[in-house]
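Scroll down for the structure; my scribbles are underneath it.
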Amino acid sequence: MGEIADPVQLKEEGNKHFQAGEIDKAIECYTKAIKFSKDKKALAVIYRNRSACFLKKENYNNAVSDATKAIDVDAADIKALYRRCQALEKLGKLDMAFKDVQRCATLEPKNKTFLETLRRLGAEIQQKLKTTFSTDSRVQNMFDILFADESDKEKQEKAANNLIVLAREDAGAERIFQNNGVPLLMQLIDTGKPDMILAAIRTLSGMCTGHRARILKVCGQVPDLPDQLPLTENTQLIASVLLNKVYDDLRCDPERDNFRDVYMISCNVFMEMSQKTGLKKILKVCGQVPDLPDQLPLTENTQLIASVLLNKVYDDLRCDPERDNFRDVCDEYIKSKFDPNDMDKNIHAINTLSGLLQGPFDVGNVLAGRQGVMEMMVALCGSEREVDQLVAVEALIHASTKTSKASFFISNGVTLLKDMYKKTKNEKIKIRALVGLCKLGSAGGDDYSMRQFAEGSTEKLAKQCRKWLCNPTLDVRTRKWAVEGLAYLTNDADVKDDFVDDEAAMRAMFELTQSKDKTILYAVACTLVNCTNSYDKKEIIPEMVQLAKFSKQHVPEQHPKVTYTESCDVANLKSLKVQIFHIYEVVRPLVSLLNTERDGLENFEALLGLTNLAALNDKLRVKILKEKALPEIENYMFEEHDQIRQAATECMCNLVCCKEVQDRYLEDGNDKLKLLILLCGEDDAQLQRAAAGALAMLTAAQKKLAVKITKVTGQWLEIIQRLCIHDNPEIQHRGLVTVFNMLDADEQLAKKLIECELLEILTFVAKLEDNPKKQDAINAARACLSRALDSGFIKPFSN
């Protein structure tokens with residue numbers, strides 16, 4: 001008999017099931033009706049009915065979703081409005097629930113139910129507001145605990161978590177902000193303790209999400225002016241990060257437009273000032289040379305930060321006239337510093353250009369080709385002062401970064417760098433000149449026809465880089481340049497082979513990653529990516545190659561040594577990469593993707609990633625739990641989307657090894673174990689496999705859970721039996737292991753299992769002939785019978 005495709009009939013069937021209290025069957029009928037219904041009004045009624053079912057099932061998120069779909073069709077659908085109100089109230093969203101019932105009372109002013117709900121919700125909202133006043137003391141008390149020297153770690157962690165929770169509520173966030181919370185949180189960050197820093201950042205994030213005015217107020221503080229918030233050096237940077245987070249979290253264009261309007265009004269005066277003088281001030285910072293007298297007190301990273309800022313400003317320009325003005329201001333500034341009688345001003349100009357080449361490269365590349373610039377670099381390279389040579393050669397290196405656009409320096413800089421490399425005796429200058437040559441030498445990437453130097457030259461350069469890399473007498477910054485050179489040269493097939501065979505150089509590179517300068521990691525990562533061929537390569541289509549040759553277009557040539565990766569121990573290199581990037585740090589960004597505001601693909605991929613990590617070791621499982629991922633994973637096990645639900649269940653299957661997770665399943669008053677059993681009864685084999693695996697491990701670890709199975713749902717025995725006769729050997733094996741655990745857990749339960757049809761199933765499976773594909777299941781069935789035999793519930797046959 002075919003499936004019913006009449007939505008009206010399906011709806012009526014659903015209504016009957018609902019009235020009979022058969023909620024699951026009603027949901028099934030309504031879901032099918034939705035699939036076949038094409039009439040909008042009829043569809044709205046079905047959604048409204050299914051919303052009532054979800055209310056009964058206490059699945060409040062789905063109840064809200066279905067009721068909203070009905071309201072979207074008919075804004076005056078009073079039943080849908082009230083059902084959504086009920087679900088929102090259960091979810092704790094009192095203000096939204098109040099609006100819905102207020103609408104209901106407007107439509108039916110004499111309805112006593114609506115009026116009573118309206119009164120009750122109003123009173124609850126008022127009570128919630130009153131609790132705000134008591135929040136002040138709680139906030140202060142938590143900060144006192146965090147800053148008290150004698151506080152134990154457990155109390156401090158609890159206080160920090162309480163602050164995070166409060167910050168996510170409107171009332172709590174406002175009290176933290178008004179009670180001097182921002183400077184106190186900044187002091188927590190300045191303690192340098194990772195746990196305190198993380199708690200402070202999360203609290204700030206909760207406070208500022210959806211509250212742009214707070215972030216703008218924090219961002220705009222200038223410590224040197226009166227009446228400012230008492231902030232630390234990091235305040236504005238953190239507030240800027242929060243601004244970016246809030247903007248990313250906006251869900252539609254009108255919200256983003258409103259954000260930009262508020263921001264632009266707040267920043268209008270600043271922008272006018274920046275257009276006139278701000279850019280020149282940034283360029284001044286960019287050009288500072290610490291080795292010269294009367295310079296600004298900068299750090300090693302100052303120029304890099306200024307370059308990033310210049311790049312950001314340039315990227316945000318909206319039209320060509322604005323970009324032309326940007327280039328003109330930069331050009332004018334650099335020209336104004338050229339002075340044949342003052343070498344310090346010249347070096348400042350070239351260092352400014354070096355900063356532009358690290359930021360908006362297109363601007364820097366254009367300015368580098370201006371008349372007089374190369375001549376000035378030649379003069380600095382020939383100077384007797386070490387600082388002049390260092391600035392000039394670093395500018396040449398940065399000019400060679402994007403080799404596809406560095407044609408000017410490829411034709412003019414190679415000779416200059418070669419001369420410096422041959423003539424200088426200063427190791428710092430020599431290695432920088434070599435890196436410049438490395439970058440120019442790799443201009444063609446892996447295109448053999450685009451090589452810049454003669455065959456074998458790149459191997460000589462790489463050999464020298466490895467020599468410097470392995471020299472412990474050189475400072476870290478100088479050895480970092482050696483890795484930079486290798487990051488470019490390892491595009492060459494022969495260089496890759498030589499490098500991976502040089503164990504000393506490899507070890508030296510990895511030891512270098514332990515230094516405080518973390519910018520080394522990027523060069524190391526690039527080198528590893530090249531050595532392992534981990535980058536994506538475009539597929540070469542022979543027909544397109546022939547067409548390109550016919551039209552006289554350039555066709556990349558592969559290196560004649562096509563098997564150049566065979567000697568590379570890829571597995572070993574990947575394990576070394578893990579040591580550098582610390583796989584544990586991957587957990588937090590993956591957990592951040594478990595958010596209903598993100599799309600389903602991000603949720604799904606995050607769950608898959610966490611599943612793989614949870615399968616590796618206990619430390620990673622504990623890390624996932626510490627990042628508070630467990631409640632989110634549990635929520636996704638209720639998801640209607642099959643793949644997301646399956647991924648969440650697989651992740652849980654790996655996490656149940658943890659005692660903390662097992663304890664959650666042991667707690668009374670939750671449906672976690674019930675959900676797991678019901679998922680075992682689903683038709684999706686992959687979902688069944690994951691759920692059955694989790695159930696088998698839980699019942700093995702905790703005997704109380706084996707007994708609890710019989711109390712959470714009346715369908716448990718039917719589902720367990722279905723697992724034991726499943727066509728999939730893996731699922732069958734997991735079901736039989738669960739049965740063994742139940743037999744081993746409690747005598748009364750064991751007796752009940754043996755007295756039902758399960759004994760026949762166990763006997764049938766145990767008598768099967770040995771089969772490699774089903775052997776695990778057969779052995780498990782035999783173990784179950786052996787356990788029952790030992791307990792005296794069954795007796796052996798006798799002759």
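Order determines the names: the first chain of the structure tokens is A, the second B, and so forth; residues in each chain are numbered 1 upward, and ligands are numbered 1 upward as they are shown.
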Please provide as a PyMOL selection string all residues within 8 Å of stretch 594-601 of chain A, with the sequence filter that same-chain residues fewer than 6 positions apart are discarded (counting only C-alpha atoms). chain A and resi 249+607+629+632-633+644
Env of stretch 757-764 of chain A: 8 Å cut, atoms = only C-alpha atoms, seq-sep filter 4 positions within chain, self excluded. Answer as a ChimeraX atom specification. /A:721,724-725,753,768,781-782,784-785
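Across A:Leu723, A:Met374, A:Ala97, A:Ala148, the tightest approach to A:Gly681 is made by A:Leu723 when counting only C-alpha atoms.
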Please identify which residues in stretch 597-643 of chain A DSSP calls helix (DSSP H, G or I) from the backbone, and express them as a count of residues only. 33
